[in-house]
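Colleague: Would you mind keeping the following structure in view while I ask a few things?
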Amino acid sequence: MILTHKKNYTTDFDTEGKFSFDKKKDIWDVESIIKDVRKLETEKLKEINDYLLNELNEKYYAGQRTQANEIDTIIDLIEYISQHREVKKLRETVIDPEYKIFKRFREFADNIISEYTTLLTVYGEAVEIVNETLGIDEAQDIIIMLYLQDISMQILQEAQNDPIVALNKLVAYFEEKLSINGKKYDRMAIKFYLVNEMIKCRVFPNERGEYNDGK
């Protein structure tokens, strides 16, 4: 069946024998249908309206269930980290972003700064909204920090101390963990969250011994 503005077709449709098609019965004119609908009783119109709303809502929410926006992505990421709190090694660290970027990772400084400033314009507000929404308490914040410190340093070691390679591995790791439920997440939102945590020295933290030697 075709729903369109009906024309007076003079030629037959060649379906190559795959299905039957009657141009008089199987082409419905939009304007004719609208006129027929307007003639219906109120109760029948309500049934049509309810059916269409149900169909549209189902398609809308099906998309929502399978694809997360940046806020949903960051919220689910934080919740995953909070629930997977295993820490293999506690680290004595120092918060000093300038040392980290301009001395410890000086070869990668331009790349890190460019990555952060570019993503900030798109995802900065999302992080602020998430922080206000979740209202993370001090205990949960410490759990998140310790987990990020530990897992990021493990991956940084595997990446031979290359923070760019390690960051991408970390993004891929969390994207895979989150996606086991079949939902598609915003990869760049995950990346911004981790870059932001790196600036705060919670991802790839400055370990006290190395920091003292580097100073």
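Quick note on naming: the chains in the structure tokens go A, B, ... in the order shown, residues restart at 1 in each chain, and ligands are numbered from 1 in order of appearance.
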Do a neighbour search on Ile164 of chain A at 9 Å with only C-alpha atoms, toss out local chain neighbours closer than 6 positions, and write the hits as a VMD selection string.
Modeller: chain A and resid 108 111 to 112
Colleague: Excluding segment 192-201 of chain A and any residue of its chain fewer than 3 positions from it, enumerate the residues within 6 Å of it, using only C-alpha atoms, and give them as a ChimeraX atom specification.
Modeller: /A:95,97,119,189,205
Colleague: Have a look at A:Ser179, A:Asn54, A:Gln154, A:Asn161 and name the one nearest to Val87 of chain A; count only C-alpha atoms.
Modeller: A:Gln154
Colleague: Atom CA of Ile129 of chain A and atom CA of Lys183 of chain A, how far apart in Å?
Modeller: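 Value for the atom CA of Lys183 of chain A-atom CA of Ile129 of chain A distance: 21.2 Å.
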Colleague: In Å, rounded to a single decimal, give me how far atom CA of Leu170 of chain A is from atom CA of Phe102 of chain A.
Modeller: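 The value is 21.6 Å.
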Colleague: Just how far from atom CA of Arg85 of chain A is atom CA of Tyr147 of chain A, in Å to one decimal?
Modeller: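 Computed distance, atom CA of Tyr147 of chain A to atom CA of Arg85 of chain A, equals 5.9 Å.
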Colleague: Find the spatial neighbours of Ala126 of chain A, counting only C-alpha atoms, within a cut-off of 10 Å - ignore same-chain residues fewer than 6 positions away - and output them as number ranges by chain.
Modeller: A: 69-75, 120, 132, 189, 193
Colleague: Could you pull out all residues of segment 6-214 of chain A with a DSSP call of helix (DSSP H, G or I) and give them as a VMD selection string?
Modeller: chain A and resid 30 to 38 42 to 66 70 to 83 97 to 104 106 to 134 138 to 158 163 to 181 187 to 199 208 to 214
Colleague: Can you pull out the residues contacting Phe174 of chain A? Cut-off 9 Å, using only C-alpha atoms, and skip same-chain residues under 4 positions away; I want them as a PyMOL selection string.
Modeller: chain A and resi 77+80+169-170+178-179+190
Colleague: Which is closest to Gln157 of chain A among A:Glu43, A:Asp186, A:Phe204, A:Arg104, if we use only C-alpha atoms?
Modeller: A:Phe204
Colleague: Would you mind telling me which residue in A:Glu207, A:Asp150, A:Glu47, A:Asp213 lies nearest to Lys88 of chain A when using only C-alpha atoms?
Modeller: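 Selected residue with least distance to Lys88 of chain A: A:Asp150.
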Colleague: Quick check for you: according to DSSP on this backbone, which residues of segment 11-210 of chain A are classed as strand (DSSP E or B)? Reply as a PyMOL selection string.
Modeller: chain A and resi 27-29+67+93-94+184+206-207
Colleague: Given the selection you just returned, output its residues as a file containing N, CA and C atoms, formatted as a PDB file, in the first residue's frame.
Modeller:
```pdb
ATOM      1  N   ILE A  27      -3.329   2.318  -3.653  1.00  0.00           N
ATOM      2  CA  ILE A  27      -2.794   3.679  -3.520  1.00  0.00           C
ATOM      3  C   ILE A  27      -3.854   4.518  -2.832  1.00  0.00           C
ATOM      4  N   TRP A  28      -3.541   5.004  -1.636  1.00  0.00           N
ATOM      5  CA  TRP A  28      -4.493   5.778  -0.856  1.00  0.00           C
ATOM      6  C   TRP A  28      -4.139   7.263  -0.937  1.00  0.00           C
ATOM      7  N   ASP A  29      -5.146   8.058  -1.180  1.00  0.00           N
ATOM      8  CA  ASP A  29      -4.931   9.497  -1.293  1.00  0.00           C
ATOM      9  C   ASP A  29      -4.981  10.153   0.097  1.00  0.00           C
ATOM     10  N   GLN A  67      20.121   4.795  23.502  1.00  0.00           N
ATOM     11  CA  GLN A  67      21.146   5.810  23.266  1.00  0.00           C
ATOM     12  C   GLN A  67      21.146   6.847  24.386  1.00  0.00           C
ATOM     13  N   THR A  93      49.430  10.670  46.996  1.00  0.00           N
ATOM     14  CA  THR A  93      49.499  11.547  45.826  1.00  0.00           C
ATOM     15  C   THR A  93      49.553  13.017  46.207  1.00  0.00           C
ATOM     16  N   VAL A  94      49.907  13.831  45.219  1.00  0.00           N
ATOM     17  CA  VAL A  94      50.002  15.282  45.404  1.00  0.00           C
ATOM     18  C   VAL A  94      49.184  15.961  44.318  1.00  0.00           C
ATOM     19  N   LYS A 184      23.971   2.644  23.911  1.00  0.00           N
ATOM     20  CA  LYS A 184      25.070   3.334  23.251  1.00  0.00           C
ATOM     21  C   LYS A 184      25.375   4.627  23.998  1.00  0.00           C
ATOM     22  N   ASN A 206      49.751  12.513  40.591  1.00  0.00           N
ATOM     23  CA  ASN A 206      51.180  12.662  40.885  1.00  0.00           C
ATOM     24  C   ASN A 206      51.491  11.858  42.146  1.00  0.00           C
ATOM     25  N   GLU A 207      52.243  10.781  42.004  1.00  0.00           N
ATOM     26  CA  GLU A 207      52.614   9.997  43.183  1.00  0.00           C
ATOM     27  C   GLU A 207      53.710  10.716  43.953  1.00  0.00           C
TER      28      GLU A 207
END
```
Colleague: Find the residue from A:Lys46, A:Pro163, A:Lys89, A:Gly182 that sits nearest to Ile101 of chain A; use only C-alpha atoms when measuring.
Modeller: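 Answer, going by the shortest atom-to-atom distance: A:Pro163.
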Colleague: List the neighbours of Val165 of chain A out to 10 Å using only C-alpha atoms; skip same-chain residues closer than 6 positions along the sequence, and give me the result as a list of chain:residue names.
Modeller: A:Ile155, A:Leu156, A:Glu158, A:Ala159
Colleague: Convert the current residue selection to file output with C-alpha atoms, as a PDB file, in the first residue's frame.
Modeller:
```
ATOM      1  CA  ILE A 155      46.667   1.722  32.344  1.00  0.00           C
ATOM      2  CA  LEU A 156      49.279   4.497  32.207  1.00  0.00           C
ATOM      3  CA  GLU A 158      50.660  -0.367  30.306  1.00  0.00           C
ATOM      4  CA  ALA A 159      50.856   2.600  27.895  1.00  0.00           C
TER       5      ALA A 159
END
```
